[in-house]
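K.L.:
Input: one structure, supplied below.
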Amino acid sequence: MTIPGVDVCVVGGGPAGLSAAHALLIARPGLRVAVCERAELRPRGAVVSIPPNGVRALEAISPELMPALRRHNNVHLSTRSFSPAGELVSSSEDGGLVTKIGVKGELLLLPWYALQAELAATLPDGVLHTGHKFLRYEEGADGVVAVFETPEGTHRLQASLLIGCDGEQSAVREQLVGDGPPQFLGRAVWRAVRPRPADWPVEKGFVGWGGLGQPSCLTHTIGEDGGMLSWQAFAPWPADRLDEIGGGRRAYTADAAGAGQPGAREQQQAAALLGRQRLERALTAFEGYDPRLRDLIATTDPAIVIEHGQFCREPDQCQVYARGRVALTGDAAHLGTPFLAQGCSQAIEDALELGRAVGAHGPTPEALAAYQEVRLPLSGEVQEASVQLFKELRSGTMTKHEIEVNTQRGFTSRTFAPLVASPAPMAAA
Ligand SMILES: Cc1cc2nc3c(=O)[nH]c(=O)nc-3n(C[C@H](O)[C@H](O)[C@H](O)COP(=O)(O)OP(=O)(O)OC[C@H]3O[C@@H](n4cnc5c(N)ncnc54)[C@H](O)[C@@H]3O)c2cc1C
């Protein structure tokens with residue numbers, strides 16, 4: 001399908017792109033927004049956390065987004081931590097560290113795909129376009145043309161603004177900033193959501209193995225009955241074997257399956273083999289660990305396992321969020337490390353302020369400059385703290401837990417004024 005010209009073209013339909021689309025549409029009723037996402041929407045990833053500042057930013061964008069997201073929440077009070085060999089290290093029924101350190105406000109833990117699906121479902125029809133892989137843009141004095149690869153061929157989309165929300169390996173960033181790929185952190189990640197094993201240590205809640213600096217696995221039950229389980233395993237990985245785990249791309253075995261296409265059966269067999277190899281690599285990384293953890297990995301459906309490297313950018317590399325008619329938000333703008341669990345929340349805070357800026361200035365370069373001015377110091381501070389924590393972990397000097405840093409630096413206590421619709425009529429920029 002050919003998308004007609006729009007005011008704002010958003011590249012990427014992850015948490016950053018979809019929350020930006022909501023914010024833009026609320027701030028400027030009548031704005032023509034297209035979100036162009038390369039993949040189809042389907043279950044992928046594991047659980048993401050949205051600390052209280054992200055929840056408040058979502059509420060500031062629109063309180064109406066919250067009921068659907070809360071239905072997927074999996075914050076439970078039971079927590080168990082085990083040593084690699086499986087000895088119980090700590091156990092609590094009050095939420096553990098989160099409660100002890102006193103994180104103020106609501107915390108959401110929900111599957112990545114549930115967040116994506118709910119944010120997509122609540123957009124007006126015709127805003128989200130899947131199967132659109134961004135290739136490049138051409139910027140002129142009056143607008144931007146974004147070029148996409150689609151199943152029907154190359155598509156050129158005219159817009160007043162282009163917003164790159166295309167994640168850690170952002171192609172929009174590559175053209176706008178041109179600072180090369182992000183830095184590999186020397187760690188591999190495996191993620192999946194699967195049925196909870198029958199003899200699991202908790203019916204509903206968190207169970208983790210290992211600790212800082214060693215291979216570790218974090219699990220959360222999902223759903224009203226805790227019948228599903230999200231697991232995310234992290235382990236050191238050598239840079240010279242990065243290609244084995246797919247480099248930076250979050251590759252899915254299901255992506256290779258191509259159901260219905262010629263040669264689909266062979267592709268499915270190749271995908272199943274790839275999935276089994278991923279699980280084998282995860283099992284090797286967790287050699288000698290608690291048999292419950294190894295069984296969890298070994299009995300996961302190979303078709304749903306994500307495997308990739310972990311990356312970050314140094315904050316001083318990320319001093320441009322906007323230039324002319326093109327801006328970046330979320331991981332594309334300021335990729336931190338996984339420490340602080342602020343990836344989603346910073347993407348949502350960005351979305352809120354992008355909406356506010358376009359509400360005030362219309363879809364113009366001035367709006368993007370205003371967005372950068374507000375967001376650069378705020379997300380830069382979080383990015384710096386998360387990179388710093390990773391460095392401390394690596395050098396063995398980490399003294400504070402990430403929840404403590406989040407609280408002490410005031411990240412989780414940020415509050416936001418609600419987004420209000422601009423009274424200005426929507427005129428072509
Ligand atoms: C499939 C997936 C699963 C994830 N699962 C987890 C998880 O379980 N736990 C966790 O903590 N974090 C997860 N993350 C990362 C997390 O979402 C981000 O760190 C954070 O929320 C910031 O969101 P973002 O929207 O900036 O980036 P992302 O969430 O990475 O979203 C970027 C989006 O842009 C799309 N995209 C990329 N390149 C192009 C292109 N060229 N053209 C069009 N679209 C493009 C991607 O398909 C994706 O939908 C996941 C990311 C992805 C993409």
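Chain identifiers are assigned as A, B, and so on, following the order in which chains appear in the structure tokens; residues are numbered from 1 within each chain, and ligands are numbered from 1 in order of appearance.
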Looking only at the backbone, which of the residues in segment 72-305 of chain A does DSSP tag as helix (DSSP H, G or I), as a VMD selection string?
P.N.:
chain A and resid 97 to 101 112 to 121 171 to 176 239 to 245 253 to 256 264 to 285 291 to 298 302 to 304
K.L.:
Can you tell me which residues surround Ile245 of chain A at a distance of at most 12 Å, considering only C-alpha atoms, apart from same-chain residues fewer than 4 positions away, and format the answer as a list of chain:residue names?
P.N.:
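Skipping anything fewer than 4 positions along the chain leaves A:Gly186, A:Arg187, A:Ala188, A:Val189, A:Trp190, A:Trp237, A:Pro238, A:Ala239, A:Asp240, A:Arg241, A:Arg249, A:Arg250, A:Ala251, A:Tyr252, A:Thr253, A:Leu274, A:Gly275, A:Gln277, A:Arg278, A:Leu279, A:Glu280, A:Arg281, A:Ala282, A:Val305, A:Ile306, A:Glu307, A:His308, A:Gly309, A:Gln310.
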K.L.:
With only C-alpha atoms as the atoms that count, which of A:Asp166, A:Asp243, A:Asp199, A:Glu59 lies nearest to Leu296 of chain A?
P.N.:
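Distance minimum relative to Leu296 of chain A lands on A:Asp199.
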K.L.:
Can I get the residues close to ligand 1 as number ranges by chain, where close means within 8 Å and we count only C-alpha atoms and all ligand atoms?
P.N.:
A: 11-18, 36-39, 44-49, 111-113, 131-135, 148, 165-172, 191-192, 232, 250, 329-333, 335, 338, 341-347
K.L.:
Could the residues in this selection be saved with N, CA and C atoms as a compact mmCIF listing (two decimals), in the first residue's frame?
P.N.:
```
# COMPACT_ATOMS: atom_id res chain seq x y z
N VAL A 11 10.06 6.35 12.16
CA VAL A 11 10.67 5.09 11.72
C VAL A 11 10.85 4.19 12.95
N GLY A 12 10.19 3.03 12.96
CA GLY A 12 10.31 2.09 14.06
C GLY A 12 9.05 2.05 14.90
N GLY A 13 8.50 0.86 15.05
CA GLY A 13 7.28 0.68 15.84
C GLY A 13 7.55 -0.05 17.13
N GLY A 14 8.62 0.33 17.84
CA GLY A 14 8.89 -0.19 19.18
C GLY A 14 8.28 0.78 20.20
N PRO A 15 8.68 0.65 21.48
CA PRO A 15 8.12 1.54 22.51
C PRO A 15 8.33 3.02 22.17
N ALA A 16 9.51 3.37 21.62
CA ALA A 16 9.78 4.79 21.33
C ALA A 16 8.87 5.30 20.21
N GLY A 17 8.79 4.56 19.11
CA GLY A 17 8.03 5.04 17.95
C GLY A 17 6.54 5.10 18.21
N LEU A 18 6.03 4.09 18.89
CA LEU A 18 4.58 4.05 19.11
C LEU A 18 4.15 5.09 20.14
N CYS A 36 6.41 3.71 10.50
CA CYS A 36 6.84 2.68 9.54
C CYS A 36 7.77 1.70 10.24
N GLU A 37 7.31 0.47 10.36
CA GLU A 37 8.03 -0.58 11.11
C GLU A 37 8.42 -1.69 10.13
N ARG A 38 9.66 -2.17 10.26
CA ARG A 38 10.11 -3.17 9.28
C ARG A 38 9.47 -4.55 9.51
N ALA A 39 9.22 -4.91 10.78
CA ALA A 39 8.74 -6.26 11.08
C ALA A 39 7.22 -6.31 11.16
N ARG A 44 7.49 -11.40 20.60
CA ARG A 44 8.95 -11.41 20.53
C ARG A 44 9.47 -10.84 21.84
N GLY A 45 10.70 -11.14 22.18
CA GLY A 45 11.33 -10.55 23.35
C GLY A 45 10.85 -11.18 24.65
N ALA A 46 11.23 -10.54 25.75
CA ALA A 46 10.83 -11.03 27.07
C ALA A 46 10.14 -9.88 27.79
N VAL A 47 10.42 -9.78 29.09
CA VAL A 47 9.74 -8.74 29.87
C VAL A 47 10.57 -7.45 29.88
N VAL A 48 9.91 -6.32 29.74
CA VAL A 48 10.60 -5.04 29.92
C VAL A 48 10.04 -4.37 31.17
N SER A 49 10.88 -3.57 31.80
CA SER A 49 10.34 -2.88 32.97
C SER A 49 10.18 -1.40 32.65
N PRO A 111 5.47 -7.99 29.08
CA PRO A 111 6.20 -8.49 27.92
C PRO A 111 6.37 -7.38 26.88
N TRP A 112 7.54 -7.36 26.25
CA TRP A 112 7.83 -6.34 25.23
C TRP A 112 6.73 -6.34 24.17
N TYR A 113 6.32 -7.54 23.73
CA TYR A 113 5.33 -7.57 22.65
C TYR A 113 3.96 -7.11 23.13
N GLY A 131 6.08 -3.97 7.69
CA GLY A 131 6.69 -4.37 6.41
C GLY A 131 7.37 -3.21 5.70
N HIS A 132 7.71 -2.15 6.44
CA HIS A 132 8.41 -0.99 5.86
C HIS A 132 9.78 -0.87 6.50
N LYS A 133 10.80 -1.29 5.76
CA LYS A 133 12.17 -1.20 6.28
C LYS A 133 12.80 0.09 5.77
N PHE A 134 13.17 0.96 6.71
CA PHE A 134 13.78 2.25 6.33
C PHE A 134 15.15 2.01 5.71
N LEU A 135 15.40 2.69 4.58
CA LEU A 135 16.70 2.58 3.91
C LEU A 135 17.53 3.85 4.05
N PHE A 148 11.77 3.56 1.81
CA PHE A 148 11.55 2.28 2.49
C PHE A 148 11.58 1.13 1.50
N CYS A 165 13.16 6.24 15.36
CA CYS A 165 12.91 5.49 16.62
C CYS A 165 13.26 4.04 16.33
N ASP A 166 14.33 3.83 15.59
CA ASP A 166 14.62 2.49 15.08
C ASP A 166 15.70 1.77 15.89
N GLY A 167 15.76 2.07 17.18
CA GLY A 167 16.51 1.24 18.12
C GLY A 167 18.02 1.35 18.04
N GLU A 168 18.66 0.38 18.70
CA GLU A 168 20.10 0.53 18.98
C GLU A 168 20.98 0.50 17.73
N GLN A 169 20.53 -0.16 16.65
CA GLN A 169 21.35 -0.18 15.43
C GLN A 169 20.72 0.76 14.39
N SER A 170 20.23 1.90 14.83
CA SER A 170 19.43 2.82 14.02
C SER A 170 20.06 3.22 12.68
N ALA A 171 19.28 2.99 11.61
CA ALA A 171 19.75 3.41 10.28
C ALA A 171 19.54 4.92 10.10
N VAL A 172 18.54 5.48 10.79
CA VAL A 172 18.34 6.94 10.71
C VAL A 172 19.53 7.64 11.37
N ARG A 191 16.76 -14.52 25.19
CA ARG A 191 15.47 -14.17 25.81
C ARG A 191 14.37 -15.03 25.23
N ALA A 192 13.39 -15.37 26.06
CA ALA A 192 12.22 -16.09 25.55
C ALA A 192 11.07 -16.00 26.55
N GLN A 232 15.50 -14.22 30.76
CA GLN A 232 16.53 -13.43 30.07
C GLN A 232 17.86 -13.82 30.69
N ARG A 250 18.65 -8.04 16.43
CA ARG A 250 17.83 -8.91 17.27
C ARG A 250 17.17 -9.90 16.34
N THR A 329 14.86 9.38 18.78
CA THR A 329 14.39 9.19 20.15
C THR A 329 14.73 7.77 20.59
N GLY A 330 14.58 7.50 21.88
CA GLY A 330 14.81 6.15 22.43
C GLY A 330 16.24 5.68 22.23
N ASP A 331 16.39 4.37 22.05
CA ASP A 331 17.74 3.79 21.93
C ASP A 331 18.50 4.37 20.74
N ALA A 332 17.81 4.80 19.71
CA ALA A 332 18.49 5.39 18.55
C ALA A 332 19.23 6.66 18.96
N ALA A 333 18.70 7.38 19.94
CA ALA A 333 19.29 8.66 20.35
C ALA A 333 20.35 8.48 21.42
N LEU A 335 21.58 5.27 23.46
CA LEU A 335 21.65 3.88 23.91
C LEU A 335 22.54 3.75 25.14
N PRO A 338 22.06 -1.97 29.86
CA PRO A 338 20.79 -2.43 30.46
C PRO A 338 20.64 -2.02 31.93
N ALA A 341 17.52 -0.20 33.94
CA ALA A 341 16.24 -0.58 33.33
C ALA A 341 15.44 0.64 32.88
N GLN A 342 16.15 1.63 32.33
CA GLN A 342 15.49 2.88 31.95
C GLN A 342 15.25 3.01 30.44
N GLY A 343 15.58 1.96 29.66
CA GLY A 343 15.48 2.07 28.19
C GLY A 343 14.09 2.49 27.74
N CYS A 344 13.09 1.78 28.21
CA CYS A 344 11.71 2.09 27.81
C CYS A 344 11.27 3.44 28.35
N SER A 345 11.59 3.68 29.62
CA SER A 345 11.11 4.92 30.25
C SER A 345 11.71 6.15 29.58
N GLN A 346 13.00 6.06 29.21
CA GLN A 346 13.59 7.23 28.54
C GLN A 346 12.97 7.43 27.16
N ALA A 347 12.65 6.32 26.49
CA ALA A 347 11.99 6.43 25.17
C ALA A 347 10.62 7.10 25.32
```
K.L.:
I need the residue nearest Val207 of chain A from this list: A:Pro195, A:Gly126, A:Val320, A:Leu88. Use only C-alpha atoms for the distance.
P.N.:
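Checking each candidate against Val207 of chain A, we get A:Leu88 as the closest.
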K.L.:
Calculate how many Å separate atom CA of Val33 of chain A from atom CA of Ala21 of chain A, rounding to one decimal.
P.N.:
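Rounded to one decimal, the two atoms are 6.7 Å apart.
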K.L.:
Any idea what's packed within 7 Å of Ile403 of chain A, counting only C-alpha atoms, ignoring anything in its chain fewer than 2 positions away? Could you give it as an NGL selection string?
P.N.:
:A and (98 or 340 or 401 or 405-407)
K.L.:
For Ala114 of chain A, please output as a PDB file with N, CA, C and O atoms, in the first residue's frame all residues within 12 Å (counting only C-alpha atoms; exclusion window: fewer than 3 positions along the same chain).
P.N.:
```pdb
ATOM      1  N   GLY A  14       8.620   0.333  17.838  1.00  0.00           N
ATOM      2  CA  GLY A  14       8.890  -0.187  19.182  1.00  0.00           C
ATOM      3  C   GLY A  14       8.284   0.779  20.201  1.00  0.00           C
ATOM      4  O   GLY A  14       7.481   1.653  19.838  1.00  0.00           O
ATOM      5  N   PRO A  15       8.679   0.646  21.483  1.00  0.00           N
ATOM      6  CA  PRO A  15       8.122   1.545  22.506  1.00  0.00           C
ATOM      7  C   PRO A  15       8.334   3.023  22.170  1.00  0.00           C
ATOM      8  O   PRO A  15       7.435   3.849  22.368  1.00  0.00           O
ATOM      9  N   LEU A  41       3.991  -7.385  13.567  1.00  0.00           N
ATOM     10  CA  LEU A  41       3.843  -7.471  15.021  1.00  0.00           C
ATOM     11  C   LEU A  41       3.528  -8.914  15.398  1.00  0.00           C
ATOM     12  O   LEU A  41       2.604  -9.505  14.861  1.00  0.00           O
ATOM     13  N   ARG A  42       4.311  -9.461  16.283  1.00  0.00           N
ATOM     14  CA  ARG A  42       4.051 -10.816  16.798  1.00  0.00           C
ATOM     15  C   ARG A  42       4.873 -10.992  18.072  1.00  0.00           C
ATOM     16  O   ARG A  42       5.804 -10.215  18.317  1.00  0.00           O
ATOM     17  N   PRO A  43       4.522 -12.007  18.894  1.00  0.00           N
ATOM     18  CA  PRO A  43       5.252 -12.151  20.161  1.00  0.00           C
ATOM     19  C   PRO A  43       6.760 -12.285  19.961  1.00  0.00           C
ATOM     20  O   PRO A  43       7.211 -13.151  19.217  1.00  0.00           O
ATOM     21  N   ARG A  44       7.488 -11.399  20.595  1.00  0.00           N
ATOM     22  CA  ARG A  44       8.953 -11.409  20.534  1.00  0.00           C
ATOM     23  C   ARG A  44       9.471 -10.836  21.843  1.00  0.00           C
ATOM     24  O   ARG A  44       8.775 -10.072  22.495  1.00  0.00           O
ATOM     25  N   GLY A  45      10.699 -11.144  22.179  1.00  0.00           N
ATOM     26  CA  GLY A  45      11.327 -10.548  23.353  1.00  0.00           C
ATOM     27  C   GLY A  45      10.851 -11.178  24.647  1.00  0.00           C
ATOM     28  O   GLY A  45      10.174 -12.209  24.646  1.00  0.00           O
ATOM     29  N   ALA A  46      11.229 -10.538  25.748  1.00  0.00           N
ATOM     30  CA  ALA A  46      10.833 -11.028  27.068  1.00  0.00           C
ATOM     31  C   ALA A  46      10.143  -9.881  27.795  1.00  0.00           C
ATOM     32  O   ALA A  46       9.412  -9.109  27.171  1.00  0.00           O
ATOM     33  N   VAL A  47      10.416  -9.778  29.095  1.00  0.00           N
ATOM     34  CA  VAL A  47       9.736  -8.740  29.874  1.00  0.00           C
ATOM     35  C   VAL A  47      10.570  -7.452  29.879  1.00  0.00           C
ATOM     36  O   VAL A  47      11.785  -7.504  29.987  1.00  0.00           O
ATOM     37  N   VAL A  48       9.909  -6.316  29.742  1.00  0.00           N
ATOM     38  CA  VAL A  48      10.602  -5.035  29.919  1.00  0.00           C
ATOM     39  C   VAL A  48      10.036  -4.368  31.167  1.00  0.00           C
ATOM     40  O   VAL A  48       8.872  -4.558  31.492  1.00  0.00           O
ATOM     41  N   SER A  49      10.878  -3.571  31.800  1.00  0.00           N
ATOM     42  CA  SER A  49      10.342  -2.878  32.970  1.00  0.00           C
ATOM     43  C   SER A  49      10.180  -1.402  32.648  1.00  0.00           C
ATOM     44  O   SER A  49      10.970  -0.809  31.913  1.00  0.00           O
ATOM     45  N   ALA A  68      -5.106  -0.682  29.600  1.00  0.00           N
ATOM     46  CA  ALA A  68      -4.699  -1.839  28.788  1.00  0.00           C
ATOM     47  C   ALA A  68      -3.306  -2.310  29.199  1.00  0.00           C
ATOM     48  O   ALA A  68      -3.043  -3.514  29.280  1.00  0.00           O
ATOM     49  N   LEU A  69      -2.408  -1.377  29.471  1.00  0.00           N
ATOM     50  CA  LEU A  69      -1.040  -1.771  29.847  1.00  0.00           C
ATOM     51  C   LEU A  69      -1.025  -2.416  31.228  1.00  0.00           C
ATOM     52  O   LEU A  69      -0.320  -3.399  31.457  1.00  0.00           O
ATOM     53  N   ARG A  70      -1.835  -1.864  32.141  1.00  0.00           N
ATOM     54  CA  ARG A  70      -1.864  -2.437  33.509  1.00  0.00           C
ATOM     55  C   ARG A  70      -2.367  -3.877  33.494  1.00  0.00           C
ATOM     56  O   ARG A  70      -1.968  -4.676  34.333  1.00  0.00           O
ATOM     57  N   ARG A  71      -3.212  -4.203  32.547  1.00  0.00           N
ATOM     58  CA  ARG A  71      -3.710  -5.591  32.475  1.00  0.00           C
ATOM     59  C   ARG A  71      -2.573  -6.592  32.238  1.00  0.00           C
ATOM     60  O   ARG A  71      -2.701  -7.759  32.540  1.00  0.00           O
ATOM     61  N   HIS A  72      -1.458  -6.111  31.677  1.00  0.00           N
ATOM     62  CA  HIS A  72      -0.325  -7.011  31.393  1.00  0.00           C
ATOM     63  C   HIS A  72       0.747  -6.955  32.480  1.00  0.00           C
ATOM     64  O   HIS A  72       1.815  -7.524  32.322  1.00  0.00           O
ATOM     65  N   ASN A  73       0.464  -6.204  33.552  1.00  0.00           N
ATOM     66  CA  ASN A  73       1.513  -6.001  34.547  1.00  0.00           C
ATOM     67  C   ASN A  73       1.840  -7.289  35.303  1.00  0.00           C
ATOM     68  O   ASN A  73       0.945  -8.071  35.613  1.00  0.00           O
ATOM     69  N   ASN A  74       3.117  -7.497  35.576  1.00  0.00           N
ATOM     70  CA  ASN A  74       3.544  -8.712  36.270  1.00  0.00           C
ATOM     71  C   ASN A  74       4.445  -8.396  37.451  1.00  0.00           C
ATOM     72  O   ASN A  74       5.405  -9.112  37.712  1.00  0.00           O
ATOM     73  N   LEU A 108       5.846  -0.960  36.185  1.00  0.00           N
ATOM     74  CA  LEU A 108       5.199  -1.948  35.320  1.00  0.00           C
ATOM     75  C   LEU A 108       6.250  -2.904  34.779  1.00  0.00           C
ATOM     76  O   LEU A 108       7.337  -2.483  34.368  1.00  0.00           O
ATOM     77  N   LEU A 109       5.905  -4.171  34.781  1.00  0.00           N
ATOM     78  CA  LEU A 109       6.761  -5.205  34.173  1.00  0.00           C
ATOM     79  C   LEU A 109       5.873  -5.933  33.199  1.00  0.00           C
ATOM     80  O   LEU A 109       4.918  -6.599  33.619  1.00  0.00           O
ATOM     81  N   LEU A 110       6.139  -5.819  31.935  1.00  0.00           N
ATOM     82  CA  LEU A 110       5.243  -6.483  30.980  1.00  0.00           C
ATOM     83  C   LEU A 110       6.015  -6.985  29.775  1.00  0.00           C
ATOM     84  O   LEU A 110       7.103  -6.481  29.485  1.00  0.00           O
ATOM     85  N   PRO A 111       5.474  -7.990  29.084  1.00  0.00           N
ATOM     86  CA  PRO A 111       6.199  -8.491  27.919  1.00  0.00           C
ATOM     87  C   PRO A 111       6.368  -7.382  26.876  1.00  0.00           C
ATOM     88  O   PRO A 111       5.438  -6.599  26.651  1.00  0.00           O
ATOM     89  N   ALA A 117       2.041  -4.314  21.299  1.00  0.00           N
ATOM     90  CA  ALA A 117       0.708  -4.598  20.761  1.00  0.00           C
ATOM     91  C   ALA A 117      -0.330  -3.616  21.297  1.00  0.00           C
ATOM     92  O   ALA A 117      -1.177  -3.126  20.548  1.00  0.00           O
ATOM     93  N   GLU A 118      -0.246  -3.288  22.590  1.00  0.00           N
ATOM     94  CA  GLU A 118      -1.252  -2.374  23.157  1.00  0.00           C
ATOM     95  C   GLU A 118      -1.061  -0.948  22.647  1.00  0.00           C
ATOM     96  O   GLU A 118      -2.024  -0.251  22.350  1.00  0.00           O
ATOM     97  N   LEU A 119       0.199  -0.509  22.544  1.00  0.00           N
ATOM     98  CA  LEU A 119       0.422   0.845  22.021  1.00  0.00           C
ATOM     99  C   LEU A 119      -0.017   0.923  20.558  1.00  0.00           C
ATOM    100  O   LEU A 119      -0.540   1.942  20.099  1.00  0.00           O
ATOM    101  N   ALA A 120       0.154  -0.176  19.825  1.00  0.00           N
ATOM    102  CA  ALA A 120      -0.267  -0.187  18.413  1.00  0.00           C
ATOM    103  C   ALA A 120      -1.793  -0.225  18.297  1.00  0.00           C
ATOM    104  O   ALA A 120      -2.378   0.480  17.478  1.00  0.00           O
ATOM    105  N   ALA A 121      -2.426  -1.040  19.154  1.00  0.00           N
ATOM    106  CA  ALA A 121      -3.879  -1.223  19.044  1.00  0.00           C
ATOM    107  C   ALA A 121      -4.638   0.061  19.369  1.00  0.00           C
ATOM    108  O   ALA A 121      -5.766   0.254  18.899  1.00  0.00           O
ATOM    109  N   VAL A 193       9.866 -16.230  26.066  1.00  0.00           N
ATOM    110  CA  VAL A 193       8.701 -16.392  26.936  1.00  0.00           C
ATOM    111  C   VAL A 193       8.148 -17.780  26.656  1.00  0.00           C
ATOM    112  O   VAL A 193       7.956 -18.141  25.489  1.00  0.00           O
ATOM    113  N   ILE A 222       4.424 -14.597  34.085  1.00  0.00           N
ATOM    114  CA  ILE A 222       3.565 -13.705  33.306  1.00  0.00           C
ATOM    115  C   ILE A 222       2.132 -14.204  33.396  1.00  0.00           C
ATOM    116  O   ILE A 222       1.885 -15.417  33.349  1.00  0.00           O
ATOM    117  N   GLY A 223       1.227 -13.262  33.471  1.00  0.00           N
ATOM    118  CA  GLY A 223      -0.205 -13.597  33.388  1.00  0.00           C
ATOM    119  C   GLY A 223      -0.844 -13.734  34.753  1.00  0.00           C
ATOM    120  O   GLY A 223      -0.164 -13.911  35.764  1.00  0.00           O
TER     121      GLY A 223
END
```
K.L.:
Rank A:Ile26, A:Pro4, A:Val326, A:Pro181 by their smallest atom-to-atom distance to Arg136 of chain A, using only C-alpha atoms, and report the top residue only.
P.N.:
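For Arg136 of chain A, the nearest of the given residues is A:Val326.
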K.L.:
Select from segment 42-244 of chain A everything DSSP, run on the backbone, classes as strand (DSSP E), then give the selection as a ChimeraX atom specification.
P.N.:
/A:47-50,79-82,88-92,108-111,128-129,133-139,144-150,153-164,183-195,206-209,216-222,228-236
K.L.:
Measuring atom to atom with only C-alpha atoms, identify which of A:Ala264, A:Met228, A:Ala370, A:Ile61 is nearest to Arg196 of chain A.
P.N.:
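That would be A:Met228, the residue with the smallest distance to Arg196 of chain A.
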K.L.:
For Ser91 of chain A, which residue among A:Glu402, A:Gln158, A:Gly178, A:Phe206 is the nearest when counting only C-alpha atoms?
P.N.:
A:Phe206
